[in-house]
Each structure stands twice: as C-alpha cells, then as structure tokens.
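Colleague: My structure is in data_5.csv, and what it holds is CSV, N, CA and C atoms:
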chain,number,residue,atom,x,y,z
A,752,MET,N,301.6,283.3,44.3
A,752,MET,CA,302.4,282.2,44.7
A,752,MET,C,303.9,282.6,44.8
A,753,ARG,N,304.5,282.1,45.8
A,753,ARG,CA,305.9,282.3,46.0
A,753,ARG,C,306.6,280.9,45.9
A,754,SER,N,307.8,281.0,45.2
A,754,SER,CA,308.5,279.7,44.9
A,754,SER,C,310.0,279.9,45.0
A,755,GLU,N,310.7,278.9,45.5
A,755,GLU,CA,312.1,278.9,45.7
A,755,GLU,C,312.7,277.5,45.4
A,756,GLU,N,313.9,277.5,44.8
A,756,GLU,CA,314.5,276.2,44.6
A,756,GLU,C,315.7,276.1,45.6
A,757,ILE,N,315.8,275.0,46.3
A,757,ILE,CA,316.9,274.7,47.2
A,757,ILE,C,317.8,273.6,46.7
A,758,GLU,N,319.0,273.5,47.1
A,758,GLU,CA,319.9,272.4,46.7
A,758,GLU,C,320.2,271.5,47.9
A,759,ILE,N,320.1,270.2,47.7
A,759,ILE,CA,320.3,269.2,48.8
A,759,ILE,C,321.5,268.3,48.3
A,760,ARG,N,322.5,268.2,49.2
A,760,ARG,CA,323.6,267.3,48.9
A,760,ARG,C,323.2,265.9,49.6
A,761,THR,N,323.0,264.9,48.8
A,761,THR,CA,322.6,263.6,49.3
A,761,THR,C,323.8,262.7,49.4
A,762,GLY,N,324.9,263.0,48.8
A,762,GLY,CA,326.1,262.2,48.9
A,762,GLY,C,326.0,261.0,47.9
A,763,GLY,N,326.9,260.0,48.2
A,763,GLY,CA,326.9,258.8,47.3
A,763,GLY,C,326.3,257.6,47.8
A,764,GLU,N,325.3,257.7,48.7
A,764,GLU,CA,324.6,256.6,49.2
A,764,GLU,C,323.1,256.8,49.2
A,765,GLU,N,322.3,255.7,49.3
A,765,GLU,CA,320.8,255.9,49.3
A,765,GLU,C,320.5,256.6,50.6
A,766,VAL,N,319.5,257.5,50.5
A,766,VAL,CA,319.2,258.3,51.7
A,766,VAL,C,317.7,258.7,51.7
A,767,VAL,N,317.2,258.9,52.9
A,767,VAL,CA,315.9,259.5,53.2
A,767,VAL,C,316.4,260.8,53.9
A,768,HIS,N,316.3,261.9,53.2
A,768,HIS,CA,316.8,263.2,53.8
A,768,HIS,C,315.6,264.1,54.2
A,769,ASP,N,315.5,264.4,55.5
A,769,ASP,CA,314.5,265.2,56.1
A,769,ASP,C,314.5,266.6,55.6
A,770,LEU,N,313.5,267.1,54.9
A,770,LEU,CA,313.3,268.4,54.4
A,770,LEU,C,312.5,269.3,55.2
A,771,THR,N,311.9,268.8,56.3
A,771,THR,CA,311.0,269.6,57.1
A,771,THR,C,311.5,270.9,57.6
A,772,ARG,N,312.7,271.0,58.1
A,772,ARG,CA,313.3,272.2,58.6
A,772,ARG,C,313.4,273.2,57.4
A,773,ALA,N,313.8,272.8,56.2
A,773,ALA,CA,313.9,273.6,55.1
A,773,ALA,C,312.6,274.2,54.7
A,774,CYS,N,311.6,273.3,54.8
A,774,CYS,CA,310.2,273.8,54.5
A,774,CYS,C,309.7,274.8,55.5
A,775,GLU,N,310.0,274.6,56.7
A,775,GLU,CA,309.6,275.6,57.8
A,775,GLU,C,310.4,276.9,57.6
A,776,ASP,N,311.6,276.8,57.2
A,776,ASP,CA,312.4,278.0,57.0
A,776,ASP,C,311.8,278.8,55.8
A,777,PHE,N,311.4,278.1,54.7
A,777,PHE,CA,310.8,278.7,53.6
A,777,PHE,C,309.5,279.4,54.0
A,778,LEU,N,308.7,278.9,54.9
A,778,LEU,CA,307.5,279.5,55.4
A,778,LEU,C,307.6,280.5,56.5
A,779,ARG,N,308.8,280.8,56.9
A,779,ARG,CA,309.1,281.6,58.1
A,779,ARG,C,308.3,282.9,58.1
A,780,ASP,N,308.2,283.6,57.0
A,780,ASP,CA,307.6,284.9,56.9
A,780,ASP,C,306.1,284.8,56.6
A,781,GLU,N,305.5,283.6,56.5
A,781,GLU,CA,304.1,283.5,56.2
A,781,GLU,C,303.3,283.4,57.5
A,782,ASP,N,302.1,284.0,57.5
A,782,ASP,CA,301.3,283.9,58.7
A,782,ASP,C,299.9,283.5,58.3
A,783,GLY,N,299.6,283.2,57.0
A,783,GLY,CA,298.3,282.8,56.6
A,783,GLY,C,298.2,281.3,56.3
A,784,ASP,N,297.1,281.0,55.7
A,784,ASP,CA,296.8,279.6,55.3
A,784,ASP,C,297.1,279.4,53.8
A,785,GLY,N,297.3,278.2,53.5
A,785,GLY,CA,297.6,277.9,52.1
A,785,GLY,C,298.1,276.5,51.9
A,786,LEU,N,298.8,276.2,50.8
A,786,LEU,CA,299.4,274.9,50.5
A,786,LEU,C,300.8,275.1,50.2
A,787,LEU,N,301.6,274.2,50.8
A,787,LEU,CA,303.0,274.1,50.4
A,787,LEU,C,303.2,272.9,49.4
A,788,HIS,N,303.6,273.2,48.2
A,788,HIS,CA,303.9,272.2,47.3
A,788,HIS,C,305.4,272.0,47.2
A,789,VAL,N,305.8,270.7,47.3
A,789,VAL,CA,307.2,270.4,47.2
A,789,VAL,C,307.4,269.5,46.0
A,790,TRP,N,308.4,269.9,45.2
A,790,TRP,CA,308.6,269.2,43.9
A,790,TRP,C,310.1,268.9,43.7
A,791,VAL,N,310.4,267.7,43.3
A,791,VAL,CA,311.7,267.2,43.0
A,791,VAL,C,311.8,267.0,41.5
A,792,PRO,N,312.5,267.9,40.7
A,792,PRO,CA,312.6,267.8,39.3
A,792,PRO,C,313.7,266.9,38.8
A,793,HIS,N,313.6,265.6,39.3
A,793,HIS,CA,314.6,264.6,38.9
A,793,HIS,C,313.8,263.3,38.6
A,794,ALA,N,314.4,262.5,37.6
A,794,ALA,CA,313.8,261.3,37.2
A,794,ALA,C,314.1,260.1,38.1
A,795,THR,N,314.9,260.4,39.2
A,795,THR,CA,315.3,259.2,40.0
A,795,THR,C,315.2,259.6,41.5
A,796,ALA,N,314.3,260.4,41.9
A,796,ALA,CA,314.1,260.7,43.3
A,796,ALA,C,312.6,261.0,43.6
A,797,GLY,N,312.2,260.9,44.8
A,797,GLY,CA,310.8,261.1,45.2
A,797,GLY,C,310.7,261.8,46.6
A,798,LEU,N,309.5,262.0,47.0
A,798,LEU,CA,309.2,262.6,48.2
A,798,LEU,C,308.2,261.8,49.0
A,799,ALA,N,308.4,261.7,50.3
A,799,ALA,CA,307.6,260.9,51.2
A,799,ALA,C,307.3,261.7,52.5
A,800,VAL,N,306.1,261.5,53.0
A,800,VAL,CA,305.8,262.0,54.3
A,800,VAL,C,305.8,260.9,55.3
A,801,LEU,N,306.7,260.8,56.2
A,801,LEU,CA,306.8,259.7,57.1
A,801,LEU,C,307.6,260.1,58.4
A,802,GLU,N,307.5,259.2,59.3
A,802,GLU,CA,308.3,259.4,60.6
A,802,GLU,C,309.8,259.1,60.3
A,803,THR,N,310.7,259.9,60.9
A,803,THR,CA,312.1,259.7,60.7
A,803,THR,C,312.7,259.5,62.1
A,804,GLY,N,313.9,258.9,62.1
A,804,GLY,CA,314.7,258.8,63.3
A,804,GLY,C,314.3,257.6,64.2
A,805,ALA,N,313.2,256.9,63.9
A,805,ALA,CA,312.9,255.8,64.7
A,805,ALA,C,313.0,254.5,63.9
A,806,GLY,N,313.6,254.6,62.8
A,806,GLY,CA,313.8,253.4,61.9
A,806,GLY,C,313.0,253.4,60.7
A,807,SER,N,311.9,254.2,60.6
A,807,SER,CA,311.0,254.1,59.4
A,807,SER,C,311.8,254.5,58.2
A,808,ASP,N,312.7,255.5,58.3
A,808,ASP,CA,313.5,255.9,57.1
A,808,ASP,C,314.3,254.8,56.6
A,809,ASP,N,315.0,254.0,57.5
A,809,ASP,CA,315.8,252.9,57.1
A,809,ASP,C,314.9,251.8,56.6
A,810,ASP,N,313.7,251.6,57.2
A,810,ASP,CA,312.8,250.6,56.7
A,810,ASP,C,312.3,250.9,55.3
A,811,LEU,N,312.1,252.2,55.0
A,811,LEU,CA,311.6,252.5,53.6
A,811,LEU,C,312.7,252.2,52.6
A,812,LEU,N,314.0,252.5,52.9
A,812,LEU,CA,315.0,252.1,52.0
A,812,LEU,C,315.2,250.6,51.8
A,813,ALA,N,315.0,249.9,52.9
A,813,ALA,CA,315.1,248.4,52.9
A,813,ALA,C,313.9,247.9,52.0
A,814,ALA,N,312.7,248.4,52.2
A,814,ALA,CA,311.6,248.0,51.4
A,814,ALA,C,311.8,248.3,49.9
A,815,LEU,N,312.4,249.5,49.6
A,815,LEU,CA,312.6,249.8,48.2
A,815,LEU,C,313.7,248.9,47.6
A,816,ARG,N,314.7,248.5,48.4
A,816,ARG,CA,315.7,247.5,47.9
A,816,ARG,C,315.0,246.2,47.6
A,817,ASP,N,314.0,245.8,48.4
A,817,ASP,CA,313.3,244.5,48.2
A,817,ASP,C,312.4,244.6,46.9
A,818,LEU,N,311.7,245.8,46.8
A,818,LEU,CA,310.8,246.0,45.6
A,818,LEU,C,311.6,246.2,44.3
A,819,LEU,N,312.7,247.0,44.5
A,819,LEU,CA,313.5,247.4,43.3
A,819,LEU,C,314.9,247.0,43.5
A,820,PRO,N,315.2,245.7,43.3
A,820,PRO,CA,316.6,245.2,43.5
A,820,PRO,C,317.6,245.9,42.6
A,821,LYS,N,318.8,246.1,43.1
A,821,LYS,CA,319.8,246.7,42.3
A,821,LYS,C,320.6,245.6,41.5
A,822,ASP,N,320.0,245.1,40.5
A,822,ASP,CA,320.6,244.0,39.7
A,822,ASP,C,320.4,244.3,38.2
A,823,GLY,N,320.7,243.3,37.4
A,823,GLY,CA,320.7,243.5,36.0
A,823,GLY,C,319.4,243.3,35.2
A,824,ARG,N,318.3,243.2,35.9
A,824,ARG,CA,317.0,243.0,35.3
A,824,ARG,C,316.4,244.3,34.5
A,825,TRP,N,317.0,245.4,34.8
A,825,TRP,CA,316.4,246.7,34.3
A,825,TRP,C,316.9,247.0,32.9
A,826,ARG,N,315.9,247.4,32.0
A,826,ARG,CA,316.3,247.7,30.6
A,826,ARG,C,317.0,249.0,30.5
A,827,HIS,N,316.7,249.9,31.4
A,827,HIS,CA,317.4,251.2,31.5
A,827,HIS,C,318.8,250.9,32.1
A,828,ARG,N,319.9,251.0,31.3
A,828,ARG,CA,321.2,250.5,31.7
A,828,ARG,C,322.3,251.5,31.9
A,829,HIS,N,322.1,252.8,31.7
A,829,HIS,CA,323.3,253.7,31.9
A,829,HIS,C,323.5,253.8,33.4
A,830,GLY,N,324.7,254.4,33.7
A,830,GLY,CA,325.0,254.6,35.2
A,830,GLY,C,325.5,253.4,35.8
A,831,SER,N,325.5,253.4,37.2
A,831,SER,CA,326.1,252.3,37.9
A,831,SER,C,325.2,251.1,37.8
A,832,PRO,N,325.7,249.9,38.1
A,832,PRO,CA,324.9,248.6,37.9
A,832,PRO,C,323.6,248.7,38.7
A,833,GLY,N,322.5,248.4,38.0
A,833,GLY,CA,321.2,248.4,38.7
A,833,GLY,C,320.5,249.7,38.7
A,834,HIS,N,321.1,250.7,38.1
A,834,HIS,CA,320.6,252.1,38.1
A,834,HIS,C,319.2,252.2,37.5
A,835,GLY,N,318.8,251.3,36.6
A,835,GLY,CA,317.5,251.4,36.0
A,835,GLY,C,316.4,251.4,37.1
A,836,ARG,N,316.6,250.7,38.2
A,836,ARG,CA,315.6,250.7,39.3
A,836,ARG,C,315.4,252.1,39.8
A,837,ASP,N,316.4,253.0,39.8
A,837,ASP,CA,316.2,254.4,40.3
A,837,ASP,C,315.2,255.1,39.5
A,838,HIS,N,315.1,254.8,38.2
A,838,HIS,CA,314.2,255.4,37.3
A,838,HIS,C,312.7,254.9,37.5
A,839,VAL,N,312.6,253.8,38.2
A,839,VAL,CA,311.2,253.3,38.5
A,839,VAL,C,310.7,253.9,39.8
A,840,LEU,N,311.7,254.3,40.7
A,840,LEU,CA,311.3,254.8,42.0
A,840,LEU,C,310.2,255.9,42.0
A,841,PRO,N,310.2,256.9,41.1
A,841,PRO,CA,309.2,257.9,41.2
A,841,PRO,C,307.8,257.4,41.0
A,842,ALA,N,307.6,256.2,40.4
A,842,ALA,CA,306.3,255.7,40.2
A,842,ALA,C,305.8,255.2,41.5
A,843,LEU,N,306.7,254.8,42.5
A,843,LEU,CA,306.2,254.3,43.8
A,843,LEU,C,306.3,255.4,44.9
A,844,VAL,N,307.3,256.3,44.8
A,844,VAL,CA,307.5,257.4,45.7
A,844,VAL,C,307.5,258.6,44.8
A,845,PRO,N,306.4,259.3,44.7
A,845,PRO,CA,306.2,260.4,43.7
A,845,PRO,C,307.1,261.5,44.0
A,846,PRO,N,307.4,262.3,42.9
A,846,PRO,CA,308.3,263.4,43.0
A,846,PRO,C,307.7,264.7,43.5
A,847,TYR,N,306.5,264.6,44.2
A,847,TYR,CA,305.8,265.8,44.7
A,847,TYR,C,305.1,265.4,46.0
A,848,ALA,N,304.8,266.5,46.7
A,848,ALA,CA,304.0,266.4,47.9
A,848,ALA,C,303.3,267.7,48.2
A,849,THR,N,302.1,267.8,48.6
A,849,THR,CA,301.4,269.0,49.0
A,849,THR,C,300.9,268.9,50.4
A,850,ILE,N,301.3,269.9,51.2
A,850,ILE,CA,301.0,269.9,52.6
A,850,ILE,C,300.2,271.1,53.0
A,851,PRO,N,299.1,271.0,53.8
A,851,PRO,CA,298.4,272.2,54.2
A,851,PRO,C,299.3,273.0,55.1
A,852,VAL,N,299.1,274.3,55.0
A,852,VAL,CA,299.7,275.3,55.9
A,852,VAL,C,298.6,276.1,56.6
A,853,LEU,N,298.7,276.1,57.9
A,853,LEU,CA,297.6,276.8,58.7
A,853,LEU,C,298.3,277.8,59.6
A,854,GLY,N,298.0,279.1,59.4
A,854,GLY,CA,298.6,280.1,60.2
A,854,GLY,C,300.1,280.2,60.0
A,855,GLY,N,300.6,279.9,58.8
A,855,GLY,CA,302.0,279.9,58.5
A,855,GLY,C,302.8,278.7,58.9
A,856,ALA,N,302.1,277.7,59.5
A,856,ALA,CA,302.8,276.5,60.0
A,856,ALA,C,302.3,275.2,59.2
A,857,LEU,N,303.3,274.3,59.0
A,857,LEU,CA,302.9,273.1,58.3
A,857,LEU,C,301.9,272.3,59.2
A,858,ALA,N,300.9,271.8,58.6
A,858,ALA,CA,299.9,271.0,59.3
A,858,ALA,C,300.2,269.5,59.2
A,859,LEU,N,301.4,269.2,59.7
A,859,LEU,CA,301.9,267.8,59.8
A,859,LEU,C,301.4,267.1,61.1
A,860,GLY,N,301.3,265.8,61.0
A,860,GLY,CA,301.0,265.1,62.2
A,860,GLY,C,302.2,265.0,63.1
A,861,THR,N,302.0,264.6,64.4
A,861,THR,CA,303.0,264.6,65.4
A,861,THR,C,304.3,264.0,64.9
A,862,TRP,N,304.3,262.9,64.2
A,862,TRP,CA,305.6,262.2,63.9
A,862,TRP,C,305.9,262.4,62.4
A,863,GLN,N,305.2,263.2,61.6
A,863,GLN,CA,305.4,263.3,60.2
A,863,GLN,C,306.5,264.3,59.8
A,864,SER,N,307.3,263.9,58.9
A,864,SER,CA,308.3,264.7,58.3
A,864,SER,C,308.2,264.6,56.8
A,865,ILE,N,308.7,265.7,56.1
A,865,ILE,CA,308.7,265.7,54.6
A,865,ILE,C,310.1,265.3,54.2
A,866,CYS,N,310.2,264.3,53.4
A,866,CYS,CA,311.5,263.7,53.1
A,866,CYS,C,311.8,263.5,51.7
A,867,LEU,N,313.0,263.8,51.3
A,867,LEU,CA,313.5,263.5,49.9
A,867,LEU,C,314.0,262.0,50.0
A,868,VAL,N,313.5,261.2,49.1
A,868,VAL,CA,314.0,259.8,49.0
A,868,VAL,C,314.8,259.7,47.7
A,869,ASP,N,316.1,259.3,47.9
A,869,ASP,CA,317.0,259.3,46.8
A,869,ASP,C,317.8,258.0,46.9
A,870,THR,N,317.6,257.1,45.9
A,870,THR,CA,318.4,255.9,45.8
A,870,THR,C,319.4,255.9,44.8
A,871,ASN,N,319.6,257.0,44.1
A,871,ASN,CA,320.5,257.2,43.0
A,871,ASN,C,321.9,257.6,43.5
A,872,VAL,N,322.8,256.7,43.6
A,872,VAL,CA,324.1,257.1,44.1
A,872,VAL,C,325.0,257.8,43.1
A,873,ASP,N,324.5,257.8,41.9
A,873,ASP,CA,325.3,258.5,40.8
A,873,ASP,C,325.0,260.0,40.8
A,874,ASN,N,324.0,260.5,41.5
A,874,ASN,CA,323.7,261.9,41.5
A,874,ASN,C,323.7,262.5,42.9
A,875,PRO,N,324.8,263.0,43.4
A,875,PRO,CA,324.9,263.4,44.8
A,875,PRO,C,324.3,264.7,45.2
A,876,VAL,N,323.8,265.5,44.2
A,876,VAL,CA,323.2,266.8,44.4
A,876,VAL,C,321.8,266.8,43.8
A,877,ARG,N,320.8,267.3,44.6
A,877,ARG,CA,319.4,267.3,44.2
A,877,ARG,C,318.9,268.7,44.3
A,878,LYS,N,318.0,269.1,43.5
A,878,LYS,CA,317.2,270.4,43.6
A,878,LYS,C,315.8,270.0,44.1
A,879,VAL,N,315.3,270.9,44.9
A,879,VAL,CA,313.9,270.7,45.4
A,879,VAL,C,313.3,272.1,45.3
A,880,ARG,N,312.1,272.1,44.7
A,880,ARG,CA,311.4,273.4,44.5
A,880,ARG,C,310.3,273.4,45.6
A,881,LEU,N,310.2,274.5,46.4
A,881,LEU,CA,309.2,274.8,47.4
A,881,LEU,C,308.3,275.9,46.8
A,882,SER,N,307.0,275.7,46.8
A,882,SER,CA,306.1,276.7,46.3
A,882,SER,C,305.0,276.8,47.3
A,883,PHE,N,304.7,278.1,47.7
A,883,PHE,CA,303.6,278.3,48.6
A,883,PHE,C,302.4,279.0,47.9
A,884,LEU,N,301.3,278.4,47.9
A,884,LEU,CA,300.1,279.0,47.3
A,884,LEU,C,299.2,279.5,48.5
A,885,ARG,N,299.0,280.8,48.6
A,885,ARG,CA,298.2,281.3,49.7
A,885,ARG,C,296.7,281.0,49.5
A,886,GLY,N,296.0,280.7,50.6
A,886,GLY,CA,294.6,280.4,50.5
A,886,GLY,C,293.7,281.6,50.4
Starting from the file, lay out its structure as structure tokens.
Modeller:
Amino acid sequence: MRSEEIEIRTGGEEVVHDLTRACEDFLRDEDGDGLLHVWVPHATAGLAVLETGAGSDDDLLAALRDLLPKDGRWRHRHGSPGHGRDHVLPALVPPYATIPVLGGALALGTWQSICLVDTNVDNPVRKVRLSFLRG
C-alpha cells in the first residue's frame, strides 16, 4: 500500500472542495488496478462523491444548512456559534471514500468528483490522506 497526506486550504467559509485532480495526481505513476481510499482525519469534515460545477455542490451545502442549522441547539458549544453542528456532519457525510482504480485511473462516473465537504469555518486548513491498495 502507498499512502500520502495532502493539505487543503478551505478558507473561512463552508465549502465543497473538489479533490479529484489531487487524487489523479496521486495515482499518476500507477498503471494497475486497486482501490483508492480517501480519509479526512477531522471531526468536522467529510467526503462526498458528487457532481460539481452545475449547482450540486451548492445544493449540498444548502441541504446541510437545512438539516444542521447553525444555531444554539447543539450541546457541543466551543468555537463559533452553532459549531456543534459541524461535529454532527461526519455522521451524514462520512470522513472516508473508497474508489475503484482500473488501469491506474479512477473509475468514476461521467459527472462524479471526489469532494471534501467542510462546514467548519473555524478550521481553514484540512489534511486528507490518500492511500492506494493495489489489487
């Protein structure tokens, strides 16, 4: 298995950050089959496979705002107001994804992208671990 950690700067706003290019770069020297495992070692971020650039990324953030309002209902209270909801996010958008790799290429559908989902405006830098398990 080969593994590497990358750093992503998400800034101070909610974001769906496309990691697909970084995943392809990680696999650049691979030519066989296997699995790419993507892991976010944070308690307030997740990973999603979805279409980006046509509004789905914004729709996901809007849906998360509806499901997890940034208000005072959360028992977890450190950080900015409503931050407790960020700690619930990984239960809905898991911190991992595994994608098949065929001939060194991600076996994604036509419109699929691998995305970091980060609603925590208190943490502008994220780490993402990419691991390739050869078949």
Colleague: Give me, please, the distance in Å between atom CA of Ile759 of chain A and atom CA of Lys821 of chain A, quoted to one decimal.
Modeller: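 Computing it gives 23.4 Å between the two atoms.
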Colleague: My list of candidates is A:Asp782, A:Asp769, A:Asp822, A:Glu756. Which is closest to Val852 of chain A when distances are computed with only N, CA and C atoms?
Modeller: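 Comparing A:Asp782, A:Asp769, A:Asp822, A:Glu756 against Val852 of chain A, the winner is A:Asp782.
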Colleague: In Å, rounded to a single decimal, give me how far atom CA of Val872 of chain A is from atom CA of Ser831 of chain A.
Modeller: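 Calculated distance between atom CA of Ser831 of chain A and atom CA of Val872 of chain A is 8.1 Å.
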Colleague: Which residue out of A:Glu781, A:Asp808, A:Glu758, A:Asp873 has the minimum interatomic distance to Gly854 of chain A when all atoms listed in the file are used?
Modeller: A:Glu781
Colleague: Could you list, as number ranges by chain, every residue within 7 Å of Trp862 of chain A, counting all atoms listed in the file and ignoring same-chain residues fewer than 6 positions away?
Modeller: A: 801-803
Colleague: Based on DSSP run over this structure's backbone, return all residues of chain A in strand (DSSP E or B), as number ranges by chain.
Modeller: A: 753-760, 766-769, 785-790, 796-801, 847-853, 856-857, 864-869, 876-885
Colleague: Using only C-alpha atoms, can you tell me which of A:Gly830, A:Pro792, A:Val868, A:Asp784 comes closest to Ile757 of chain A?
Modeller: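 The shortest atom-to-atom distance to Ile757 of chain A comes from A:Pro792.
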Colleague: I'd like a table as CSV: residues in segment 796-827 of chain A with an atom no more than 5 Å from segment 837-849 of chain A, each row giving the shortest atom pair and its distance in Å to one decimal, all atoms listed in the file counted, sorted by chain and rising residue number.
Modeller:
residue,atom,partner,partner_atom,distance
A:Ala796,C,A:Pro846,CA,5.0
A:Gly797,CA,A:Pro845,C,3.9
A:Leu798,N,A:Pro845,C,3.9
Colleague: From a backbone DSSP assignment, name each residue in segment 785-879 of chain A labelled helix (DSSP H, G or I), as a list in words.
Modeller: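 Of segment 785-879 of chain A, only Ser807, Asp808, Asp809, Asp810, Leu811, Leu812, Ala813, Ala814, Leu815, Arg816, Asp817, Leu818, Gly835, Arg836, Asp837, His838, Val839, Leu840, Pro841, Ala842 and Leu843 of chain A fall in helix (DSSP H, G or I).
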Colleague: In terms of the shortest atom-to-atom distance over only N, CA and C atoms, which of A:Thr761, A:Ala814, A:Met752, A:Thr861 is closest to Asn874 of chain A?
Modeller: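 Result for the nearest residue to Asn874 of chain A: A:Thr761.
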Colleague: Could you check which residues have any atom within 8 Å of (310.0, 271.5, 38.4), counting only N, CA and C atoms with coordinates taken straight from the file, and then list them as number ranges by chain?
Modeller: A: 790-793, 879-880
Colleague: Pick the closest to Thr870 of chain A from A:Val789, A:Leu857, A:Ala813, A:Leu770: which is it, counting only C-alpha atoms?
Modeller: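 Nearest to Thr870 of chain A: A:Ala813.
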Colleague: List as a list in words the protein and nucleic acid residues near Leu786 of chain A, meaning an atom at most 6 Å away when only C-alpha atoms are counted, but skip any in the same chain fewer than 2 places from it.
Modeller: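 In the requested format, the answer is Ile850, Pro851, Val852, Phe883 and Leu884 of chain A.
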Colleague: Would you mind exporting the chosen residues as a JSON list (two decimals), in the frame of the given file, restricted to N, CA and C atoms?
Modeller:
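Ended up saving to part.json:
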[["chain", "number", "residue", "atom", "x", "y", "z"],
["A", 850, "ILE", "N", 301.30, 269.90, 51.20],
["A", 850, "ILE", "CA", 301.00, 269.90, 52.60],
["A", 850, "ILE", "C", 300.20, 271.10, 53.00],
["A", 851, "PRO", "N", 299.10, 271.00, 53.80],
["A", 851, "PRO", "CA", 298.40, 272.20, 54.20],
["A", 851, "PRO", "C", 299.30, 273.00, 55.10],
["A", 852, "VAL", "N", 299.10, 274.30, 55.00],
["A", 852, "VAL", "CA", 299.70, 275.30, 55.90],
["A", 852, "VAL", "C", 298.60, 276.10, 56.60],
["A", 883, "PHE", "N", 304.70, 278.10, 47.70],
["A", 883, "PHE", "CA", 303.60, 278.30, 48.60],
["A", 883, "PHE", "C", 302.40, 279.00, 47.90],
["A", 884, "LEU", "N", 301.30, 278.40, 47.90],
["A", 884, "LEU", "CA", 300.10, 279.00, 47.30],
["A", 884, "LEU", "C", 299.20, 279.50, 48.50]]
Colleague: Tell me, as a list in words, which residues lie within 6.5 Å of Pro820 of chain A, counting all atoms listed in the file; anything in the same chain fewer than 3 positions away does not count.
Modeller: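 My list of contacting residues is Leu815, Arg816, Asp817, Gly833 and Arg836 of chain A.
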Colleague: Just how far from atom CA of Gly806 of chain A is atom C of Asp869 of chain A, in Å to one decimal?
Modeller: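 Interatomic distance, atom C of Asp869 of chain A to atom CA of Gly806 of chain A: 16.2 Å.
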Colleague: With distances taken over all atoms listed in the file, which of A:Gly823, A:Asn871, A:Arg753, A:Ala858 is nearest to Glu765 of chain A?
Modeller: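 Among the listed residues, A:Asn871 lies closest to Glu765 of chain A.
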